[in-house]
Amino acid sequence: MNPQTHLAIDGYVDAIPAPGTGWGTARFDRWGTARFDLIHSPADADLIAPDAPDTVYTCTTGDPRIADVLLREIQPGDLLRVTGTLAQPDAPEAPAHFTVDSLEVLEAASAPVIGNCGYQNLRSAVG
């Protein structure tokens with residue numbers, strides 16, 4: 001892994017967040033963890049090429065409070081601000097990995113996704 005950077009990123013949730021998985025060869029859900037993809041669009045869209053791609057960050061958290069919010073309340077299309085540590089793998093084509101330390105819902109998606117583990121209307125900042 002290349003050096004790590006601490007920063008905040010705003011982006012949209014791509015799919016329903018999932019429980020985190022354990023380490024090693026056996027895959028299992030790990031209590032208090034979650035993973036999700038965040039799609040970040042450049043802030044200065046007028047200054048970049050029109051066909052410039054969005055950046056997809058693979059995000060994880062080991063904070064049980066944040067994982068609970070992700071797994072129970074967050075849905076695709078929600079606009080989030082996540083703060084944490086960004087690490088770019090050695091392979092340039094691999095997605096950047098973001099470890100989330102805090103989470104804020106900036107804007108909720110317009111319609112809830114059915115089956116999101118007890119979707120609630122309560123949206124709050126965590127972290």
# chains A, B, ... in the order shown; residues from 1 in each chain; ligands from 1

call {"tool": "select_by_dssp", "arguments": {"residues": "range 71-108 of chain A", "states": "strand (DSSP E or B)", "output": "count of residues only"}}
result
20

call {"tool": "residues_around", "arguments": {"residues": "Val56 in chain A", "least_positions_apart": "2", "cutoff": "9 Å", "atoms": "only C-alpha atoms", "output": "number ranges by chain"}}
result
A: 11, 14, 37-41, 54, 58, 95-96

call {"tool": "closest_residue", "arguments": {"among": "A:Ala15, A:Ala49, A:Leu71, A:Ala91", "to": "Ala109 in chain A", "atoms": "only C-alpha atoms"}}
result
A:Ala15

call {"tool": "closest_residue", "arguments": {"among": "A:Thr61, A:Thr55, A:Gln75, A:Gln4", "to": "Thr21 in chain A", "atoms": "only C-alpha atoms"}}
result
A:Thr61

call {"tool": "select_by_dssp", "arguments": {"residues": "range 25-102 of chain A", "states": "helix (DSSP H, G or I)", "output": "VMD selection string"}}
result
chain A and resid 45 to 47 64 to 72

call {"tool": "write_last_selection", "arguments": {"atoms": "all heavy atoms", "output": "CSV table (one decimal), in the first residue's frame"}}
result
chain,number,residue,atom,x,y,z
A,45,ALA,N,-16.8,20.7,-11.6
A,45,ALA,CA,-17.1,20.1,-12.8
A,45,ALA,C,-16.9,20.9,-14.0
A,45,ALA,O,-16.6,20.5,-15.1
A,45,ALA,CB,-18.6,19.6,-12.8
A,46,ASP,N,-17.0,22.3,-13.9
A,46,ASP,CA,-16.7,23.2,-15.0
A,46,ASP,C,-15.3,23.2,-15.4
A,46,ASP,O,-15.0,23.6,-16.5
A,46,ASP,CB,-17.2,24.6,-14.6
A,46,ASP,CG,-18.7,24.7,-14.3
A,46,ASP,OD1,-19.4,23.8,-14.9
A,46,ASP,OD2,-19.1,25.6,-13.6
A,47,LEU,N,-14.4,22.8,-14.5
A,47,LEU,CA,-12.9,23.0,-14.8
A,47,LEU,C,-12.3,21.7,-15.3
A,47,LEU,O,-11.1,21.7,-15.7
A,47,LEU,CB,-12.2,23.4,-13.5
A,47,LEU,CG,-12.6,24.7,-12.9
A,47,LEU,CD1,-11.9,25.0,-11.6
A,47,LEU,CD2,-12.5,25.9,-13.9
A,64,PRO,N,-18.5,0.2,15.5
A,64,PRO,CA,-19.9,-0.4,15.6
A,64,PRO,C,-21.0,0.6,15.5
A,64,PRO,O,-22.1,0.3,14.9
A,64,PRO,CB,-19.9,-1.1,16.9
A,64,PRO,CG,-18.5,-1.3,17.3
A,64,PRO,CD,-17.7,-0.2,16.7
A,65,ARG,N,-20.8,1.8,15.9
A,65,ARG,CA,-21.9,2.8,15.8
A,65,ARG,C,-22.1,3.2,14.4
A,65,ARG,O,-23.3,3.3,13.9
A,65,ARG,CB,-21.5,4.1,16.7
A,65,ARG,CG,-21.4,3.8,18.1
A,65,ARG,CD,-20.9,5.1,18.9
A,65,ARG,NE,-19.6,5.4,18.3
A,65,ARG,CZ,-19.2,6.7,18.1
A,65,ARG,NH1,-19.9,7.7,18.5
A,65,ARG,NH2,-18.0,6.9,17.6
A,66,ILE,N,-21.0,3.4,13.6
A,66,ILE,CA,-21.1,3.8,12.2
A,66,ILE,C,-21.7,2.6,11.4
A,66,ILE,O,-22.5,2.8,10.6
A,66,ILE,CB,-19.8,4.3,11.7
A,66,ILE,CG1,-19.3,5.5,12.4
A,66,ILE,CG2,-19.9,4.5,10.2
A,66,ILE,CD1,-17.9,6.0,12.1
A,67,ALA,N,-21.2,1.4,11.7
A,67,ALA,CA,-21.7,0.2,11.0
A,67,ALA,C,-23.2,0.1,11.2
A,67,ALA,O,-23.9,-0.3,10.3
A,67,ALA,CB,-20.9,-1.0,11.5
A,68,ASP,N,-23.7,0.3,12.4
A,68,ASP,CA,-25.1,0.2,12.7
A,68,ASP,C,-25.9,1.1,11.9
A,68,ASP,O,-26.9,0.8,11.3
A,68,ASP,CB,-25.4,0.4,14.2
A,68,ASP,CG,-26.8,0.2,14.6
A,68,ASP,OD1,-27.4,-0.9,14.4
A,68,ASP,OD2,-27.5,1.2,15.0
A,69,VAL,N,-25.5,2.4,11.8
A,69,VAL,CA,-26.2,3.4,11.0
A,69,VAL,C,-26.1,3.0,9.5
A,69,VAL,O,-27.1,3.0,8.8
A,69,VAL,CB,-25.6,4.8,11.1
A,69,VAL,CG1,-26.1,5.8,10.1
A,69,VAL,CG2,-25.9,5.3,12.5
A,70,LEU,N,-25.0,2.5,9.0
A,70,LEU,CA,-24.8,2.1,7.6
A,70,LEU,C,-25.8,1.0,7.3
A,70,LEU,O,-26.4,1.0,6.2
A,70,LEU,CB,-23.4,1.7,7.3
A,70,LEU,CG,-22.4,2.8,7.1
A,70,LEU,CD1,-21.0,2.3,7.2
A,70,LEU,CD2,-22.6,3.5,5.8
A,71,LEU,N,-25.9,0.0,8.2
A,71,LEU,CA,-26.6,-1.2,7.9
A,71,LEU,C,-28.1,-1.1,8.1
A,71,LEU,O,-28.9,-1.8,7.5
A,71,LEU,CB,-26.1,-2.4,8.7
A,71,LEU,CG,-24.7,-2.8,8.4
A,71,LEU,CD1,-24.2,-3.9,9.4
A,71,LEU,CD2,-24.5,-3.3,7.0
A,72,ARG,N,-28.5,-0.1,8.9
A,72,ARG,CA,-29.9,0.1,9.2
A,72,ARG,C,-30.6,1.3,8.5
A,72,ARG,O,-31.8,1.3,8.3
A,72,ARG,CB,-30.1,0.2,10.7
A,72,ARG,CG,-29.8,-1.1,11.5
A,72,ARG,CD,-29.5,-0.8,12.9
A,72,ARG,NE,-30.3,-1.3,14.0
A,72,ARG,CZ,-31.6,-1.1,14.2
A,72,ARG,NH1,-32.3,-0.5,13.4
A,72,ARG,NH2,-32.2,-1.7,15.3
